[in-house]
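Chemist: Dropping in entry_14.cif, with mmCIF, C-alpha atoms and all ligand atoms.
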data_query
#
loop_
_atom_site.label_atom_id
_atom_site.label_comp_id
_atom_site.auth_asym_id
_atom_site.auth_seq_id
_atom_site.Cartn_x
_atom_site.Cartn_y
_atom_site.Cartn_z
CA GLY A 12 0.00 0.00 0.00
CA THR A 13 0.91 3.67 0.24
CA PRO A 14 3.77 4.22 2.71
CA GLU A 15 3.10 6.38 5.77
CA PRO A 16 4.43 9.92 5.29
CA THR A 17 7.42 10.72 7.49
CA LEU A 18 7.26 13.56 10.01
CA TYR A 19 9.54 15.58 7.70
CA GLN A 20 7.06 15.11 4.84
CA GLN A 21 4.09 16.00 7.08
CA LEU A 22 5.80 19.30 7.91
CA GLY A 23 6.03 20.06 4.18
CA GLU A 24 9.75 19.31 3.86
CA ARG A 25 12.30 22.13 4.21
CA GLN A 26 10.11 24.66 2.36
CA GLY A 27 7.16 23.94 4.65
CA ILE A 28 9.36 24.10 7.75
CA ALA A 29 10.77 27.46 6.55
CA ARG A 30 7.21 28.84 6.35
CA ILE A 31 6.36 27.49 9.79
CA VAL A 32 9.48 29.15 11.25
CA GLU A 33 8.59 32.45 9.54
CA ASP A 34 5.11 32.35 11.12
CA LEU A 35 6.71 31.42 14.45
CA LEU A 36 8.92 34.52 14.24
CA TYR A 37 5.91 36.82 13.67
CA ARG A 38 4.24 35.25 16.71
CA ILE A 39 7.35 35.72 18.88
CA VAL A 40 7.53 39.41 17.97
CA GLU A 41 3.93 39.91 19.13
CA ASP A 42 4.33 38.08 22.46
CA ASP A 43 5.45 40.36 25.30
CA ARG A 44 6.35 37.33 27.44
CA ILE A 45 9.30 36.54 25.16
CA ASN A 46 9.92 39.23 22.52
CA HIS A 47 12.33 41.24 24.72
CA GLN A 48 14.71 38.25 24.69
CA PHE A 49 15.00 38.46 20.92
CA LYS A 50 16.11 42.11 20.70
CA GLY A 51 19.13 42.43 18.41
CA VAL A 52 18.92 38.87 17.10
CA ASN A 53 20.03 38.28 13.51
CA VAL A 54 16.63 37.29 12.12
CA ALA A 55 17.90 35.74 8.86
CA GLN A 56 20.42 33.60 10.72
CA PHE A 57 17.88 32.63 13.38
CA HIS A 58 15.41 31.65 10.67
CA ARG A 59 17.94 29.56 8.76
CA ASN A 60 19.35 27.79 11.81
CA LEU A 61 15.99 27.00 13.42
CA THR A 62 14.71 25.74 10.06
CA ASP A 63 17.74 23.46 9.71
CA GLN A 64 17.32 22.23 13.28
CA LEU A 65 13.64 21.34 12.89
CA CYS A 66 14.38 19.79 9.49
CA GLU A 67 17.09 17.59 11.01
CA LEU A 68 15.05 16.66 14.11
CA SER A 69 12.07 15.71 11.92
CA GLY A 70 14.26 13.29 9.97
CA GLY A 71 14.92 15.52 6.98
CA PRO A 72 18.16 15.79 4.98
CA CYS A 73 19.47 18.86 6.83
CA THR A 74 22.31 19.46 9.25
CA TYR A 75 22.02 22.06 11.99
CA THR A 76 25.25 24.07 11.92
CA GLY A 77 24.41 26.65 14.60
CA ARG A 78 25.83 26.83 18.12
CA GLU A 79 24.94 24.36 20.87
CA MET A 80 21.56 24.85 22.56
CA ARG A 81 23.03 25.15 26.07
CA GLU A 82 25.64 27.70 25.03
CA LEU A 83 23.12 29.78 23.00
CA HIS A 84 20.51 30.07 25.75
CA ALA A 85 22.84 30.09 28.78
CA ASP A 86 22.51 33.77 29.71
CA MET A 87 18.78 34.13 28.99
CA ALA A 88 17.36 32.72 32.26
CA ILE A 89 14.48 31.22 30.27
CA THR A 90 11.49 30.32 32.47
CA ASP A 91 9.06 27.42 32.03
CA THR A 92 6.41 29.95 31.02
CA GLN A 93 8.69 31.31 28.27
CA PHE A 94 9.63 27.85 27.06
CA ASN A 95 5.97 26.83 26.93
CA ALA A 96 5.05 30.09 25.17
CA LEU A 97 7.50 29.35 22.38
CA ALA A 98 6.32 25.74 22.11
CA GLU A 99 2.71 26.96 21.91
CA HIS A 100 3.61 29.40 19.12
CA LEU A 101 5.31 26.59 17.24
CA ILE A 102 2.17 24.45 17.58
CA LEU A 103 -0.02 27.31 16.33
CA ALA A 104 2.39 28.01 13.45
CA MET A 105 2.21 24.33 12.46
CA GLU A 106 -1.60 24.49 12.75
CA GLU A 107 -1.68 27.55 10.45
CA ASN A 108 0.33 25.55 7.93
CA ASP A 109 -2.09 22.59 8.00
CA VAL A 110 0.26 20.17 9.78
CA PRO A 111 -1.84 17.30 11.19
CA THR A 112 -2.18 17.27 15.01
CA GLY A 113 -0.35 13.95 15.36
CA ALA A 114 2.63 15.35 13.46
CA GLN A 115 2.57 18.52 15.60
CA ASN A 116 2.81 16.35 18.70
CA ARG A 117 5.64 14.26 17.27
CA MET A 118 7.63 17.43 16.46
CA ILE A 119 7.14 18.80 19.98
CA LYS A 120 8.17 15.44 21.44
CA ARG A 121 11.47 15.66 19.56
CA LEU A 122 12.17 19.04 21.20
CA VAL A 123 11.71 17.68 24.73
CA PRO A 124 15.33 16.41 24.97
CA LEU A 125 16.50 20.01 24.35
CA TYR A 126 14.53 21.33 27.35
CA PRO A 127 17.27 21.07 30.04
CA ASP A 128 19.83 22.74 27.77
CA ILE A 129 17.50 25.60 26.81
CA ARG A 130 16.41 26.15 30.44
CA ASN A 131 20.06 25.86 31.52
CA LEU A 132 19.15 23.22 34.14
C1 LIG B 1 11.68 24.57 21.93
C2 LIG B 1 12.34 25.60 22.32
C3 LIG B 1 13.50 26.25 21.59
C4 LIG B 1 14.22 25.85 20.51
C5 LIG B 1 14.07 24.57 19.69
C6 LIG B 1 15.19 26.88 20.24
C7 LIG B 1 16.11 26.84 19.22
C8 LIG B 1 17.03 27.81 18.94
C9 LIG B 1 17.99 27.78 17.87
C10 LIG B 1 18.13 26.64 16.87
C11 LIG B 1 18.71 28.90 17.94
C12 LIG B 1 19.88 29.30 17.02
C13 LIG B 1 19.42 30.34 16.05
C14 LIG B 1 20.55 31.24 15.61
O1 LIG B 1 21.61 30.72 15.25
O2 LIG B 1 20.36 32.46 15.64
C15 LIG B 1 18.20 29.68 19.04
C16 LIG B 1 18.65 30.93 19.40
C17 LIG B 1 17.99 31.77 20.26
N1 LIG B 1 16.97 31.42 21.11
FE1 LIG B 1 16.07 29.63 21.19
N2 LIG B 1 15.04 27.88 21.15
C18 LIG B 1 14.02 27.53 21.99
C19 LIG B 1 13.53 28.28 23.04
C20 LIG B 1 13.83 29.60 23.27
C21 LIG B 1 13.14 30.46 24.20
C22 LIG B 1 11.98 30.00 25.10
C23 LIG B 1 13.71 31.69 24.10
C24 LIG B 1 13.41 32.96 24.83
C25 LIG B 1 12.27 33.25 25.37
C26 LIG B 1 14.76 31.60 23.11
C27 LIG B 1 15.57 32.64 22.72
C28 LIG B 1 16.56 32.55 21.76
C29 LIG B 1 17.38 33.67 21.34
C30 LIG B 1 17.24 35.11 21.84
C31 LIG B 1 18.29 33.19 20.40
C32 LIG B 1 19.39 33.97 19.65
C33 LIG B 1 20.67 33.88 20.40
C34 LIG B 1 21.80 34.60 19.71
O3 LIG B 1 21.68 34.95 18.54
O4 LIG B 1 22.82 34.79 20.37
N3 LIG B 1 14.82 30.32 22.63
N4 LIG B 1 17.18 28.99 19.64
#
Could you write out this file's structure as C-alpha cells?
Ligand code: HEM

Modeler:
Amino acid sequence: GTPEPTLYQQLGERQGIARIVEDLLYRIVEDDRINHQFKGVNVAQFHRNLTDQLCELSGGPCTYTGREMRELHADMAITDTQFNALAEHLILAMEENDVPTGAQNRMIKRLVPLYPDIRNL
C-alpha cells in the first residue's frame, strides 16, 4: 500500500518548515512574554538555523550548523512559562500551515530532549 508519510514530509519538507518558522517569528515578535529576549537577534540567521534544526530533528536531509543549545541560551534565564510560550507558538504556526495534530505532537516530542539545555538546568 501507500507508505506512511514521514514527520519531515508531514511538515512540508524544508520549504514547509521554513514557512512554519517564519510564522513562528511573527508570533514571537507579538508576544510580550518573550519578545524582549529576541532584541538584536540576527533574524535571517535565526530563521535559517531553526529551520535546519527542525528539518534535522524531523528526519529531513538537513544538518544544523548553529551553536549548541546550552551555550546559546545560557545567559537568557528562560522560564518554564517562556519555554511553553514558544512551544505553543510553534504548535499554532504548524496548525496555520495545515500540519496534522499527530505530526505537531511528534515534532514537539522531539524538542523535549533540548529542554534542560534551553532552560540551563
Ligand atoms: C523549543 C524551544 C526552543 C528551541 C528549539 C530553540 C532553538 C534555537 C535555535 C536553533 C537557535 C539558534 C538560532 C541562531 O543561530 O540564531 C536559538 C537561538 C535563540 N533562542 Fe532559542 N530555542 C528555543 C527556546 C527559546 C526560548 C523560550 C527563548 C526565549 C524566550 C529563546 C531565545 C533565543 C534567542 C534570543 C536566540 C538567539 C541567540 C543569539 O543569537 O545569540 N529560545 N534557539

Chemist: Please extract the residues at most 7 Å from ligand LIG 1 (chain B), counting only C-alpha atoms and all ligand atoms, and provide them as an MDAnalysis selection string, using the chain letters and residue numbers of this document.

Modeler: chainID A and resid 45 48:49 52:53 56:58 60:61 64 77:78 80 83:84 87 89 93:94 96:98 122 125:126 129

Chemist: Counting all atoms listed in the file, which of A:Leu132, A:Ile28, A:Val110, A:Leu103 gets nearest to Ser69 in chain A?

Modeler: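 So, comparing all the options, the nearest one is A:Ile28.
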
Chemist: Near range 34-39 of chain A, counting only C-alpha atoms, which residues have an atom at most 7 Å away, once you skip same-chain residues fewer than 6 positions from it, shown as a list in words?

Modeler: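 The residues that qualify are Ile45, Asn46, His100, Leu101 and Ala104 of chain A.
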
Chemist: Pick out the closest residue to Ala88 in chain A from this set: A:Arg30, A:Gln20, A:Asn131, A:Arg25. Count only C-alpha atoms.

Modeler: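 Between A:Arg30, A:Gln20, A:Asn131, A:Arg25, the residue approaching Ala88 in chain A most closely is A:Asn131.
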
Chemist: Go ahead and compute the interatomic distance for CA of Asp109 in chain A and CA of Cys73 in chain A, in Å to one decimal.

Modeler: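 Here the two named atoms are 21.9 Å from each other.
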
Chemist: Can you work out the spacing between CA of Arg117 in chain A and CA of Asp86 in chain A in Å, to one decimal?

Modeler: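 Computed distance, CA of Arg117 in chain A to CA of Asp86 in chain A, equals 28.6 Å.
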
Chemist: Which one is closest to Glu106 in chain A: A:Ile31, A:Met118, A:Glu24, A:Leu18? Count all atoms listed in the file.

Modeler: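 Closest residue, counting all atoms listed in the file: A:Ile31.
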
Chemist: To one decimal in Å, tell me the separation between CA of Val32 in chain A and CA of Asn108 in chain A.

Modeler: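 CA of Val32 in chain A sits 10.4 Å away from CA of Asn108 in chain A.
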
Chemist: Which residues come within 10 Å of Pro16 in chain A, counting only C-alpha atoms, excluding same-chain residues fewer than 5 positions away, as a ChimeraX atom specification?

Modeler: /A:21-22,114

Chemist: Please produce a file of the residues just selected, as a PDB file, in the frame of the given file, where the atoms kept are C-alpha atoms.

Modeler:
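And here is the file that came out, part_36.pdb:
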ATOM      1  CA  GLN A  21       4.090  16.000   7.080  1.00  0.00           C
ATOM      2  CA  LEU A  22       5.800  19.300   7.910  1.00  0.00           C
ATOM      3  CA  ALA A 114       2.630  15.350  13.460  1.00  0.00           C
TER       4      ALA A 114
END

Chemist: Counting all atoms listed in the file, which of A:Glu41, A:Asp63, A:Asp128, A:Glu107 gets nearest to Glu82 in chain A?

Modeler: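 Looking only at the distances to Glu82 in chain A, the closest residue turns out to be A:Asp128.
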
Chemist: Quick one: 3 Å padding each side, axis-aligned, all listed atoms of range 44-50 of chain A - centre and edge lengths in Å to one decimal, as JSON?

Modeler:
{"center_x": 11.2, "center_y": 39.3, "center_z": 24.1, "size_x": 15.8, "size_y": 11.6, "size_z": 12.7}

Chemist: Given the choices A:Arg59, A:Tyr75, A:Thr90, A:Val123, which gets closest to Arg44 in chain A if the distance is worked out from only C-alpha atoms?

Modeler: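 Checking each of A:Arg59, A:Tyr75, A:Thr90, A:Val123 against Arg44 in chain A, counting only C-alpha atoms, the winner is A:Thr90.
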
Chemist: Output: range 66-86 of chain A of the preceding structure, restricted to N, CA and C atoms, written as a short mmCIF file (atom, residue, chain, number, x, y, z; two decimals), in the first residue's frame.

Modeler:
data_model
loop_
_atom_site.label_atom_id
_atom_site.label_comp_id
_atom_site.auth_asym_id
_atom_site.auth_seq_id
_atom_site.Cartn_x
_atom_site.Cartn_y
_atom_site.Cartn_z
N CYS A 66 14.25 20.70 10.62
CA CYS A 66 14.38 19.79 9.49
C CYS A 66 15.15 18.54 9.91
N GLU A 67 16.28 18.72 10.57
CA GLU A 67 17.09 17.59 11.01
C GLU A 67 16.34 16.74 12.04
N LEU A 68 15.74 17.40 13.04
CA LEU A 68 15.05 16.66 14.11
C LEU A 68 13.83 15.90 13.58
N SER A 69 13.24 16.39 12.48
CA SER A 69 12.07 15.71 11.92
C SER A 69 12.48 14.58 10.97
N GLY A 70 13.78 14.37 10.81
CA GLY A 70 14.26 13.29 9.97
C GLY A 70 14.61 13.70 8.56
N GLY A 71 14.62 15.01 8.31
CA GLY A 71 14.92 15.52 6.98
C GLY A 71 16.42 15.56 6.68
N PRO A 72 16.76 15.82 5.41
CA PRO A 72 18.16 15.79 4.98
C PRO A 72 18.87 17.12 5.24
N CYS A 73 18.84 17.60 6.47
CA CYS A 73 19.47 18.86 6.83
C CYS A 73 20.44 18.61 7.98
N THR A 74 21.39 19.52 8.12
CA THR A 74 22.31 19.46 9.25
C THR A 74 22.30 20.81 9.94
N TYR A 75 21.98 20.83 11.21
CA TYR A 75 22.02 22.06 11.99
C TYR A 75 23.48 22.44 12.22
N THR A 76 23.85 23.65 11.80
CA THR A 76 25.25 24.07 11.92
C THR A 76 25.41 25.24 12.89
N GLY A 77 24.33 25.56 13.63
CA GLY A 77 24.41 26.65 14.60
C GLY A 77 25.11 26.21 15.88
N ARG A 78 25.16 27.12 16.84
CA ARG A 78 25.83 26.83 18.12
C ARG A 78 24.98 25.88 18.96
N GLU A 79 25.61 25.30 19.98
CA GLU A 79 24.94 24.36 20.87
C GLU A 79 23.81 25.04 21.65
N MET A 80 22.73 24.31 21.87
CA MET A 80 21.56 24.85 22.56
C MET A 80 21.90 25.41 23.95
N ARG A 81 22.71 24.70 24.71
CA ARG A 81 23.03 25.15 26.07
C ARG A 81 23.81 26.47 26.03
N GLU A 82 24.80 26.51 25.15
CA GLU A 82 25.64 27.70 25.03
C GLU A 82 24.80 28.91 24.57
N LEU A 83 23.94 28.69 23.56
CA LEU A 83 23.12 29.78 23.00
C LEU A 83 22.20 30.41 24.03
N HIS A 84 21.56 29.58 24.86
CA HIS A 84 20.51 30.07 25.75
C HIS A 84 20.99 30.29 27.17
N ALA A 85 22.31 30.11 27.40
CA ALA A 85 22.84 30.09 28.78
C ALA A 85 22.53 31.35 29.57
N ASP A 86 22.64 32.51 28.97
CA ASP A 86 22.51 33.77 29.71
C ASP A 86 21.10 34.34 29.68
#
